file upload_17.cif (mmCIF, C-alpha atoms)
data_model
loop_
_atom_site.label_atom_id
_atom_site.label_comp_id
_atom_site.auth_asym_id
_atom_site.auth_seq_id
_atom_site.Cartn_x
_atom_site.Cartn_y
_atom_site.Cartn_z
CA MET A 2 0.00 0.00 0.00
CA ASN A 3 1.35 3.39 -0.99
CA PRO A 4 0.83 5.64 2.07
CA THR A 5 0.57 8.74 -0.12
CA THR A 6 -2.28 7.45 -2.29
CA LEU A 7 -5.88 8.13 -1.32
CA THR A 8 -9.02 6.44 -2.54
CA THR A 9 -10.82 8.61 -5.10
CA THR A 10 -14.38 7.32 -5.13
CA ASN A 11 -15.69 10.36 -3.24
CA PRO A 12 -17.25 12.87 -5.66
CA ALA A 13 -15.43 15.59 -3.71
CA THR A 14 -12.01 14.24 -4.70
CA ALA A 15 -12.62 12.05 -7.75
CA ALA A 16 -11.86 12.74 -11.41
CA LYS A 17 -8.89 15.03 -10.87
CA THR A 18 -7.84 17.19 -13.79
CA PRO A 19 -4.11 17.59 -14.58
CA ASN A 20 -4.22 21.09 -13.08
CA SER A 21 -5.84 19.91 -9.83
CA GLN A 22 -3.20 17.21 -9.48
CA GLU A 23 -0.56 19.95 -9.33
CA SER A 24 -2.21 21.55 -6.29
CA THR A 25 -2.55 20.05 -2.84
CA MET A 26 -4.23 20.81 0.46
CA ASP A 27 -3.82 19.34 3.91
CA ALA A 28 -6.35 16.77 5.14
CA VAL A 29 -6.84 14.54 8.18
CA VAL A 30 -6.00 11.10 6.84
CA LEU A 31 -6.46 7.73 8.52
CA GLU A 32 -3.44 5.96 7.08
CA ARG A 33 -4.28 2.66 8.73
CA GLN A 34 -5.64 1.44 12.06
CA HIS A 35 -4.20 3.51 14.95
CA GLU A 36 -2.44 5.97 12.61
CA ILE A 37 -3.77 9.42 11.64
CA GLN A 38 -1.80 12.17 9.94
CA VAL A 39 -2.49 15.72 8.82
CA ARG A 40 -0.82 15.76 5.43
CA PRO A 41 -1.21 16.96 1.83
CA VAL A 42 -3.72 15.33 -0.52
CA PRO A 43 -4.52 16.25 -4.14
CA GLY A 44 -6.54 19.38 -4.76
CA LEU A 45 -10.15 19.47 -5.87
CA ARG A 46 -11.52 18.94 -9.36
CA PRO A 47 -13.48 21.81 -10.96
CA VAL A 48 -17.03 22.45 -9.82
CA GLY A 49 -19.52 20.81 -12.15
CA PRO A 50 -23.18 21.54 -12.92
CA GLY A 51 -25.39 21.17 -9.86
CA GLU A 52 -22.42 21.34 -7.49
CA VAL A 53 -20.89 23.82 -5.06
CA ARG A 54 -17.41 24.35 -3.69
CA ILE A 55 -17.44 24.82 0.06
CA GLY A 56 -14.86 26.13 2.49
CA VAL A 57 -15.12 23.69 5.37
CA HIS A 58 -15.40 25.44 8.74
CA THR A 59 -16.19 22.84 11.42
CA VAL A 60 -16.22 19.04 11.42
CA GLY A 61 -17.48 16.93 14.31
CA ILE A 62 -15.87 13.66 15.33
CA CYS A 63 -18.38 10.82 15.11
CA GLY A 64 -18.18 7.49 16.90
CA SER A 65 -17.74 5.83 13.51
CA ASP A 66 -14.64 7.96 12.82
CA VAL A 67 -13.19 6.89 16.15
CA HIS A 68 -14.10 3.25 15.50
CA TYR A 69 -12.25 3.26 12.17
CA PHE A 70 -9.27 4.81 13.99
CA THR A 71 -9.25 2.24 16.81
CA HIS A 72 -10.49 -0.87 15.00
CA GLY A 73 -9.85 -0.25 11.31
CA ARG A 74 -13.30 -1.44 10.33
CA ILE A 75 -17.01 -1.35 11.05
CA GLY A 76 -18.76 -4.52 9.96
CA PRO A 77 -18.12 -5.02 6.23
CA TYR A 78 -16.49 -1.58 5.84
CA ILE A 79 -12.73 -2.10 6.14
CA VAL A 80 -10.01 0.56 5.90
CA GLU A 81 -7.75 -0.96 3.26
CA ASN A 82 -6.28 2.29 1.92
CA PRO A 83 -5.65 5.74 3.43
CA MET A 84 -8.95 7.61 3.91
CA VAL A 85 -9.79 11.22 4.72
CA LEU A 86 -11.93 11.23 7.86
CA GLY A 87 -14.99 13.29 8.82
CA HIS A 88 -18.63 13.53 7.77
CA GLU A 89 -20.30 15.98 10.22
CA ALA A 90 -19.56 19.28 8.54
CA SER A 91 -20.49 22.91 8.02
CA GLY A 92 -18.91 25.64 5.95
CA THR A 93 -19.31 28.54 3.55
CA VAL A 94 -20.13 28.39 -0.16
CA LEU A 95 -17.15 29.59 -2.21
CA GLU A 96 -18.37 28.79 -5.72
CA VAL A 97 -21.59 27.60 -7.32
CA GLY A 98 -21.88 25.48 -10.43
CA GLU A 99 -24.17 25.80 -13.40
CA GLY A 100 -27.84 25.36 -12.60
CA VAL A 101 -27.54 26.02 -8.85
CA ASP A 102 -30.04 28.71 -7.92
CA HIS A 103 -30.88 28.02 -4.27
CA LEU A 104 -27.37 28.74 -2.95
CA ALA A 105 -25.01 31.68 -3.39
CA VAL A 106 -21.40 32.47 -2.62
CA GLY A 107 -21.12 33.40 1.05
CA ASP A 108 -24.00 31.22 2.25
CA ARG A 109 -23.33 29.38 5.49
CA VAL A 110 -24.28 25.74 4.96
CA CYS A 111 -24.19 22.22 6.30
CA MET A 112 -23.75 19.19 4.09
CA GLU A 113 -25.56 15.87 4.01
CA PRO A 114 -22.70 13.37 3.60
CA GLY A 115 -24.48 10.51 1.81
CA ILE A 116 -24.80 10.84 -1.97
CA PRO A 117 -27.09 8.19 -3.51
CA ASN A 118 -27.49 7.10 -7.09
CA PRO A 119 -30.54 9.21 -8.07
CA ARG A 120 -31.67 6.51 -10.50
CA SER A 121 -31.60 3.69 -7.95
CA ARG A 122 -34.81 2.03 -6.87
CA ALA A 123 -34.17 3.03 -3.24
CA ALA A 124 -33.72 6.69 -4.20
CA ARG A 125 -36.89 6.71 -6.32
CA LEU A 126 -38.80 5.30 -3.34
CA GLY A 127 -37.45 8.02 -1.06
CA MET A 128 -35.24 5.61 0.92
CA TYR A 129 -31.95 6.80 -0.52
CA ASN A 130 -30.16 6.07 2.76
CA VAL A 131 -30.38 2.32 2.01
CA ASP A 132 -29.23 2.68 -1.61
CA PRO A 133 -26.45 0.08 -1.99
CA ASP A 134 -24.55 2.54 -4.19
CA VAL A 135 -24.67 5.48 -1.76
CA GLN A 136 -21.34 7.28 -1.42
CA PHE A 137 -21.05 8.29 2.24
CA TRP A 138 -18.18 10.43 3.47
CA ALA A 139 -15.52 8.62 5.52
CA THR A 140 -16.97 5.16 4.89
CA PRO A 141 -14.38 3.00 3.11
CA PRO A 142 -13.44 3.45 0.36
CA VAL A 143 -15.00 6.95 0.26
CA ASP A 144 -13.00 9.91 1.53
CA GLY A 145 -14.45 12.28 4.11
CA CYS A 146 -14.43 16.06 4.47
CA LEU A 147 -11.73 16.89 7.03
CA GLN A 148 -9.93 19.21 4.63
CA PRO A 149 -10.16 22.94 3.88
CA GLU A 150 -12.43 22.65 0.82
CA ILE A 151 -14.79 20.13 -0.75
CA VAL A 152 -16.97 19.90 -3.84
CA HIS A 153 -20.47 18.65 -3.07
CA PRO A 154 -23.86 18.27 -4.79
CA ALA A 155 -25.96 21.36 -4.21
CA ASP A 156 -29.03 19.17 -3.65
CA PHE A 157 -27.37 17.81 -0.50
CA THR A 158 -26.17 21.20 0.74
CA TYR A 159 -28.43 23.20 3.08
CA ARG A 160 -28.37 26.87 3.99
CA LEU A 161 -28.19 27.51 7.73
CA PRO A 162 -30.62 29.97 9.30
CA GLU A 163 -29.14 32.88 11.21
CA GLN A 164 -30.17 31.28 14.52
CA LEU A 165 -27.59 28.52 14.05
CA SER A 166 -23.83 28.94 14.27
CA LEU A 167 -21.47 27.02 11.99
CA GLU A 168 -20.52 24.91 15.01
CA GLU A 169 -24.18 24.00 15.51
CA GLY A 170 -24.46 23.41 11.77
CA ALA A 171 -21.87 20.65 12.06
CA LEU A 172 -24.18 18.96 14.58
CA ILE A 173 -27.07 18.73 12.14
CA GLU A 174 -25.72 15.42 10.80
CA PRO A 175 -26.10 13.47 14.06
CA PHE A 176 -29.25 15.43 14.89
CA ALA A 177 -30.72 14.23 11.59
CA VAL A 178 -30.30 10.64 12.85
CA ALA A 179 -32.35 11.55 15.92
CA VAL A 180 -35.02 13.37 13.92
CA HIS A 181 -35.27 10.42 11.53
CA ALA A 182 -35.68 8.05 14.49
CA VAL A 183 -38.42 10.17 16.06
CA THR A 184 -40.18 10.43 12.71
CA LYS A 185 -40.09 6.66 12.19
CA ALA A 186 -41.44 6.16 15.70
CA GLY A 187 -44.60 8.06 14.82
CA LEU A 188 -44.29 9.96 18.08
CA ALA A 189 -47.57 11.53 19.21
CA PRO A 190 -48.07 14.52 21.55
CA GLY A 191 -48.06 13.40 25.16
CA ASP A 192 -46.20 10.15 24.57
CA VAL A 193 -43.95 8.80 27.30
CA VAL A 194 -40.54 7.96 25.84
CA VAL A 195 -37.52 5.96 26.96
CA VAL A 196 -34.07 6.39 25.42
CA VAL A 197 -31.51 3.70 26.23
CA GLY A 198 -28.00 5.14 26.08
CA ALA A 199 -26.85 8.72 26.70
CA GLY A 200 -24.15 8.98 24.07
CA THR A 201 -24.35 11.71 21.44
CA ILE A 202 -27.14 10.03 19.46
CA GLY A 203 -29.06 9.09 22.60
CA VAL A 204 -28.95 12.62 23.98
CA LEU A 205 -29.95 14.09 20.61
CA THR A 206 -32.81 11.58 20.33
CA ALA A 207 -34.06 12.54 23.77
CA ILE A 208 -33.92 16.22 22.81
CA ALA A 209 -35.69 15.58 19.49
CA ALA A 210 -38.40 13.56 21.24
CA ALA A 211 -38.95 16.24 23.88
CA ALA A 212 -39.12 18.94 21.21
CA SER A 213 -41.57 16.83 19.19
CA GLY A 214 -44.23 16.61 21.88
CA ALA A 215 -43.22 13.84 24.28
CA SER A 216 -44.61 14.59 27.72
CA ARG A 217 -41.75 12.84 29.50
CA VAL A 218 -38.48 11.34 28.28
CA TYR A 219 -36.46 8.94 30.44
CA ILE A 220 -32.86 8.50 29.31
CA SER A 221 -30.59 5.87 30.83
CA ASP A 222 -26.88 5.18 31.05
CA VAL A 223 -24.30 3.61 33.34
CA ALA A 224 -22.26 6.85 33.41
CA PRO A 225 -24.21 9.62 35.19
CA GLU A 226 -21.69 12.22 34.00
CA LYS A 227 -23.36 12.04 30.57
CA PHE A 228 -26.60 13.49 31.91
CA ALA A 229 -25.18 16.98 32.38
CA LYS A 230 -26.06 17.96 28.81
CA ILE A 231 -29.79 17.40 29.31
CA GLU A 232 -30.27 19.19 32.63
CA ALA A 233 -31.71 22.23 30.83
CA TYR A 234 -34.63 20.18 29.45
CA PRO A 235 -37.32 19.86 32.15
CA THR A 236 -39.17 16.98 30.44
CA ILE A 237 -36.03 14.81 30.14
CA HIS A 238 -35.31 12.67 33.21
CA ALA A 239 -32.08 10.75 33.82
CA VAL A 240 -31.99 7.15 35.03
CA ASP A 241 -28.63 5.98 36.34
CA VAL A 242 -28.81 2.24 35.66
CA SER A 243 -25.75 1.61 37.78
CA ARG A 244 -28.02 2.44 40.75
CA GLN A 245 -31.57 1.78 39.50
CA ASP A 246 -33.20 -0.82 37.27
CA LEU A 247 -34.54 0.91 34.16
CA GLY A 248 -37.58 -1.35 33.87
CA GLU A 249 -38.60 -0.65 37.44
CA ALA A 250 -38.12 3.09 36.94
CA VAL A 251 -40.30 3.08 33.82
CA ARG A 252 -43.04 0.98 35.42
CA GLU A 253 -43.04 3.21 38.49
CA ALA A 254 -43.34 6.32 36.32
CA THR A 255 -46.18 4.90 34.22
CA ASP A 256 -48.23 3.07 36.86
CA GLY A 257 -46.97 -0.24 35.50
CA TRP A 258 -48.07 0.40 31.90
CA GLY A 259 -44.75 1.12 30.17
CA ALA A 260 -43.48 3.65 27.64
CA ASP A 261 -45.23 4.51 24.40
CA VAL A 262 -41.94 4.63 22.52
CA VAL A 263 -38.54 3.13 23.36
CA PHE A 264 -35.40 4.16 21.47
CA GLU A 265 -32.44 1.81 21.79
CA ALA A 266 -29.50 4.16 21.17
CA SER A 267 -26.61 2.40 22.89
CA GLY A 268 -25.88 -0.45 20.49
CA SER A 269 -24.90 -2.51 23.52
CA PRO A 270 -25.83 -6.20 23.31
CA HIS A 271 -26.42 -6.26 27.08
CA VAL A 272 -29.61 -4.17 26.92
CA PHE A 273 -31.55 -6.50 24.64
CA GLY A 274 -32.35 -9.03 27.34
CA ASN A 275 -34.69 -6.61 29.15
CA LEU A 276 -35.49 -4.22 26.30
CA TRP A 277 -38.93 -5.71 25.63
CA GLU A 278 -40.04 -5.03 29.23
CA LEU A 279 -39.89 -1.27 28.69
CA PRO A 280 -42.62 -0.52 26.12
CA ALA A 281 -46.33 -0.53 26.87
CA PRO A 282 -48.61 -2.98 25.08
CA GLY A 283 -48.94 -1.79 21.50
CA GLY A 284 -45.87 0.40 21.96
CA THR A 285 -43.00 1.00 19.57
CA VAL A 286 -39.33 0.05 19.82
CA VAL A 287 -36.94 1.94 17.53
CA LEU A 288 -33.49 0.41 17.08
CA VAL A 289 -31.07 3.29 16.55
CA GLY A 290 -27.79 1.99 17.97
CA ILE A 291 -25.91 -0.53 15.83
CA PRO A 292 -24.53 -3.55 17.73
CA VAL A 293 -21.15 -4.81 16.53
CA ASP A 294 -22.34 -8.43 16.65
CA PRO A 295 -25.76 -10.10 16.30
CA VAL A 296 -28.02 -9.79 19.35
CA PRO A 297 -30.91 -12.00 20.55
CA LEU A 298 -34.48 -11.02 19.71
CA ASP A 299 -37.19 -12.37 22.02
CA VAL A 300 -39.94 -12.63 19.42
CA ALA A 301 -42.46 -14.09 21.87
CA ALA A 302 -41.99 -11.19 24.30
CA ALA A 303 -42.51 -8.69 21.50
CA GLN A 304 -45.54 -10.58 20.17
CA ALA A 305 -47.16 -10.83 23.59
CA ARG A 306 -47.41 -7.02 23.66
CA GLU A 307 -47.94 -6.57 19.90
CA LEU A 308 -44.97 -4.26 19.76
CA ARG A 309 -44.04 -2.42 16.61
CA ILE A 310 -40.33 -2.58 15.83
CA GLU A 311 -38.67 0.06 13.65
CA THR A 312 -35.04 0.25 12.53
CA VAL A 313 -32.93 3.26 11.64
CA PHE A 314 -29.96 3.50 9.28
CA ARG A 315 -28.65 7.06 9.12
CA TYR A 316 -31.54 9.17 7.73
CA ALA A 317 -33.46 10.11 4.62
CA ASN A 318 -35.30 13.36 3.92
CA SER A 319 -34.55 14.54 7.46
CA TYR A 320 -31.91 17.26 7.08
CA GLN A 321 -34.19 20.24 6.52
CA ARG A 322 -36.50 19.09 9.30
CA ALA A 323 -33.49 18.76 11.63
CA ILE A 324 -32.32 22.27 10.72
CA GLU A 325 -35.73 23.79 11.41
CA LEU A 326 -36.02 22.01 14.77
CA ALA A 327 -32.46 22.92 15.78
CA ALA A 328 -33.18 26.58 15.03
CA SER A 329 -36.24 26.60 17.29
CA PRO A 330 -36.12 27.74 20.94
CA ALA A 331 -36.81 24.16 22.02
CA VAL A 332 -33.29 22.96 21.09
CA ASP A 333 -29.76 24.11 22.01
CA LEU A 334 -27.23 22.10 20.01
CA GLY A 335 -24.34 24.36 21.00
CA ALA A 336 -24.56 23.15 24.60
CA LEU A 337 -23.52 19.67 23.44
CA ILE A 338 -20.09 20.77 22.20
CA SER A 339 -17.50 19.57 24.71
CA ALA A 340 -14.30 20.77 23.01
CA THR A 341 -13.11 22.35 19.76
CA TYR A 342 -9.61 21.61 18.43
CA PRO A 343 -7.73 23.53 15.73
CA PHE A 344 -7.11 21.68 12.48
CA ALA A 345 -3.40 21.29 13.25
CA ASP A 346 -4.31 19.38 16.44
CA ALA A 347 -6.70 16.95 14.76
CA VAL A 348 -4.69 13.91 15.87
CA ALA A 349 -5.03 15.00 19.50
CA ALA A 350 -8.77 15.46 18.96
CA PHE A 351 -9.13 11.87 17.74
CA GLU A 352 -6.98 10.57 20.58
CA ARG A 353 -9.32 12.30 23.03
CA GLY A 354 -12.32 10.84 21.19
CA ALA A 355 -10.80 7.38 21.55
CA GLU A 356 -10.53 7.90 25.32
CA GLY A 357 -14.33 7.89 25.56
CA ARG A 358 -14.54 10.41 28.40
CA PRO A 359 -18.03 10.21 29.89
CA THR A 360 -18.16 14.00 30.17
CA ASP A 361 -17.65 14.42 26.41
CA THR A 362 -20.67 14.62 24.12
CA LYS A 363 -19.30 16.15 20.92
CA ILE A 364 -15.72 17.00 20.00
CA GLN A 365 -15.25 19.20 16.96
CA ILE A 366 -12.36 20.32 14.76
CA ARG A 367 -12.18 23.89 13.43
CA VAL A 368 -10.84 23.48 9.90
CA THR A 369 -10.83 27.04 8.53
CA GLY A 370 -12.18 30.45 9.41
CA ASN A 371 -14.33 30.76 6.28
#

call {"tool": "encode", "arguments": {"input": "upload_17.cif", "output": "structure tokens"}}
result
Amino acid sequence: MNPTTLTTTNPATAAKTPNSQESTMDAVVLERQHEIQVRPVPGLRPVGPGEVRIGVHTVGICGSDVHYFTHGRIGPYIVENPMVLGHEASGTVLEVGEGVDHLAVGDRVCMEPGIPNPRSRAARLGMYNVDPDVQFWATPPVDGCLQPEIVHPADFTYRLPEQLSLEEGALIEPFAVAVHAVTKAGLAPGDVVVVVGAGTIGVLTAIAAAASGASRVYISDVAPEKFAKIEAYPTIHAVDVSRQDLGEAVREATDGWGADVVFEASGSPHVFGNLWELPAPGGTVVLVGIPVDPVPLDVAAAQARELRIETVFRYANSYQRAIELAASPAVDLGALISATYPFADAVAAFERGAEGRPTDTKIQIRVTGN
């Protein structure tokens, strides 16, 4: 493997022209498992019709980025060649291509990182997130966006309202997962909700559920330090499962009936044994966290309550909805940012992410000042 050669399947870096090959820019590159460098990569190709060139401002570190760093793979996605990291991004439009009329130079934007084949059956059905051909930033062999500039389809680039900072704009990507999960749950006003796991996605799901009309949201974790980020939300209640059984807490809070909606956001195989005790009869279980290995499913327990089971893989048609909700007074994404590192210190940022500090919710990297 040539350590200076990057994969080029990402539309942001593919199809270099001879002129673009002569220019370079620094990027945060996962060379191989346990090794990240900030080093030059080839410059961008010209902006094509329907595309924009964006100066990247902020990129958040996702658990998947950290997992590729520490394990070199996630399921079937294996880091076999150097890969630019990062997929939670915001920035400023620097150039617009032919036919782009909803964006202008200077617009502050966030970018949806998954680019489907628009002619695929999944895309035509509106489920482009499960398109087998989707090109998703920082998912091998596709490069990510932790570099000063990227070229991106305008249709997957969204203008940020003035209420949101660029730092908050970089949080729209994980917030879109939460909004997609709440949408799939069919959450109704007044519903009682349980969220298992208070990582970034769990906390964002609890916030999205509370802002979408849940009367009470109970969020659980074994690390009570994680609950600090939700103290400002009066309808979100923390359950420290190192001290209290979650099932008992839910039954006590609902007079023994159970929750209307349960979001499993931890991905831990240990929670599935008692997961089916949490929802009320006729309730809904939404599987958001992704376990590394197969987990048991007690079909009889689910059938006995006629539970509805929904699954979530990233999101589809959720970005604009997430932006609108994040800009409302009901949500404060900025409070979830634990630390911001300069681009030159990106390796230290990933090393901190790999530590898994319970007090950290979201670590971000400031790429440029655009």

call {"tool": "closest_residue", "arguments": {"input": "upload_17.cif", "among": "A:Gln148, A:Thr285, A:Thr184, A:Ser65", "to": "Ile310 (chain A)", "atoms": "all atoms listed in the file"}}
result
A:Thr285

call {"tool": "residues_around", "arguments": {"input": "upload_17.cif", "residues": "Val48 (chain A)", "least_positions_apart": "5", "cutoff": "7 Å", "atoms": "all atoms listed in the file", "output": "MDAnalysis selection string"}}
result
chainID A and resid 53:54 98 152

call {"tool": "closest_residue", "arguments": {"input": "upload_17.cif", "among": "A:Phe157, A:Tyr69, A:Phe351, A:Trp138", "to": "Cys111 (chain A)", "atoms": "only C-alpha atoms"}}
result
A:Phe157

call {"tool": "closest_residue", "arguments": {"input": "upload_17.cif", "among": "A:Ile55, A:Val101, A:Ala317, A:Ala349", "to": "Gly127 (chain A)", "atoms": "all atoms listed in the file"}}
result
A:Ala317

call {"tool": "residues_around", "arguments": {"input": "upload_17.cif", "residues": "region 257-261 of chain A", "least_positions_apart": "6", "cutoff": "6 Å", "atoms": "only C-alpha atoms", "output": "ChimeraX atom specification"}}
result
/A:192-194,279-281,284

call {"tool": "write_last_selection", "arguments": {"input": "upload_17.cif", "atoms": "C-alpha atoms", "output": "compact mmCIF listing (two decimals), keeping the file's coordinate frame"}}
result
# COMPACT_ATOMS: atom_id res chain seq x y z
CA ASP A 192 -46.20 10.15 24.57
CA VAL A 193 -43.95 8.80 27.30
CA VAL A 194 -40.54 7.96 25.84
CA LEU A 279 -39.89 -1.27 28.69
CA PRO A 280 -42.62 -0.52 26.12
CA ALA A 281 -46.33 -0.53 26.87
CA GLY A 284 -45.87 0.40 21.96

call {"tool": "atom_distance", "arguments": {"input": "upload_17.cif", "atom1": "CA of Glu249 (chain A)", "atom2": "CA of Asn275 (chain A)"}}
result
10.9 Å

call {"tool": "closest_atom_pairs", "arguments": {"input": "upload_17.cif", "of": "region 225-343 of chain A", "to": "region 73-79 of chain A", "cutoff": "10 Å", "atoms": "only C-alpha atoms", "output": "CSV"}}
result
residue,atom,partner,partner_atom,distance
A:Pro292,CA,A:Gly76,CA,9.7
A:Val293,CA,A:Gly76,CA,7.0
A:Asp294,CA,A:Gly76,CA,8.5

call {"tool": "atom_distance", "arguments": {"input": "upload_17.cif", "atom1": "CA of Gln164 (chain A)", "atom2": "CA of Val183 (chain A)"}}
result
22.7 Å

call {"tool": "closest_residue", "arguments": {"input": "upload_17.cif", "among": "A:Thr140, A:Thr201, A:Gln34, A:Thr93", "to": "Gly170 (chain A)", "atoms": "only C-alpha atoms"}}
result
A:Thr93

call {"tool": "build_atoms", "arguments": {"input": "upload_17.cif", "residues": "region 220-228 of chain A", "atoms": "all heavy atoms", "output": "tab-separated table (two decimals), in the frame of the given file"}}
result
chain	number	residue	atom	x	y	z
A	220	ILE	N	-34.08	8.91	30.00
A	220	ILE	CA	-32.86	8.50	29.31
A	220	ILE	C	-31.94	7.82	30.30
A	220	ILE	O	-31.75	8.29	31.43
A	220	ILE	CB	-32.16	9.71	28.63
A	220	ILE	CG1	-30.94	9.23	27.82
A	220	ILE	CG2	-31.80	10.80	29.61
A	220	ILE	CD1	-30.36	10.31	26.91
A	221	SER	N	-31.38	6.68	29.90
A	221	SER	CA	-30.59	5.87	30.83
A	221	SER	C	-29.15	5.72	30.37
A	221	SER	O	-28.85	5.80	29.17
A	221	SER	CB	-31.21	4.47	30.97
A	221	SER	OG	-31.07	3.75	29.76
A	222	ASP	N	-28.28	5.49	31.34
A	222	ASP	CA	-26.88	5.18	31.05
A	222	ASP	C	-26.23	4.70	32.33
A	222	ASP	O	-26.77	4.89	33.44
A	222	ASP	CB	-26.14	6.40	30.51
A	222	ASP	CG	-24.98	6.00	29.59
A	222	ASP	OD1	-23.92	5.60	30.11
A	222	ASP	OD2	-25.14	6.07	28.35
A	223	VAL	N	-25.05	4.07	32.17
A	223	VAL	CA	-24.30	3.61	33.34
A	223	VAL	C	-23.34	4.69	33.83
A	223	VAL	O	-22.72	4.54	34.89
A	223	VAL	CB	-23.51	2.33	33.01
A	223	VAL	CG1	-24.45	1.19	32.69
A	223	VAL	CG2	-22.53	2.56	31.86
A	224	ALA	N	-23.18	5.76	33.04
A	224	ALA	CA	-22.26	6.85	33.41
A	224	ALA	C	-23.06	8.11	33.65
A	224	ALA	O	-23.44	8.81	32.71
A	224	ALA	CB	-21.23	7.07	32.31
A	225	PRO	N	-23.37	8.46	34.90
A	225	PRO	CA	-24.21	9.62	35.19
A	225	PRO	C	-23.61	10.94	34.73
A	225	PRO	O	-24.34	11.93	34.57
A	225	PRO	CB	-24.37	9.58	36.71
A	225	PRO	CG	-23.24	8.74	37.20
A	225	PRO	CD	-22.96	7.74	36.12
A	226	GLU	N	-22.30	10.98	34.48
A	226	GLU	CA	-21.69	12.22	34.00
A	226	GLU	C	-22.29	12.67	32.66
A	226	GLU	O	-22.29	13.85	32.31
A	226	GLU	CB	-20.17	12.04	33.83
A	226	GLU	CG	-19.43	11.69	35.09
A	226	GLU	CD	-19.28	10.18	35.28
A	226	GLU	OE1	-20.11	9.43	34.72
A	226	GLU	OE2	-18.34	9.78	35.98
A	227	LYS	N	-22.80	11.71	31.89
A	227	LYS	CA	-23.36	12.04	30.57
A	227	LYS	C	-24.66	12.84	30.64
A	227	LYS	O	-25.08	13.42	29.66
A	227	LYS	CB	-23.60	10.74	29.78
A	227	LYS	CG	-22.33	9.97	29.44
A	227	LYS	CD	-22.67	8.73	28.63
A	227	LYS	CE	-21.41	7.97	28.24
A	227	LYS	NZ	-21.73	6.78	27.41
A	228	PHE	N	-25.29	12.84	31.80
A	228	PHE	CA	-26.60	13.49	31.91
A	228	PHE	C	-26.52	15.00	32.02
A	228	PHE	O	-27.54	15.69	31.95
A	228	PHE	CB	-27.36	12.94	33.11
A	228	PHE	CG	-27.62	11.45	33.04
A	228	PHE	CD1	-27.45	10.65	34.17
A	228	PHE	CD2	-28.04	10.86	31.87
A	228	PHE	CE1	-27.70	9.29	34.11
A	228	PHE	CE2	-28.29	9.50	31.80
A	228	PHE	CZ	-28.12	8.71	32.93
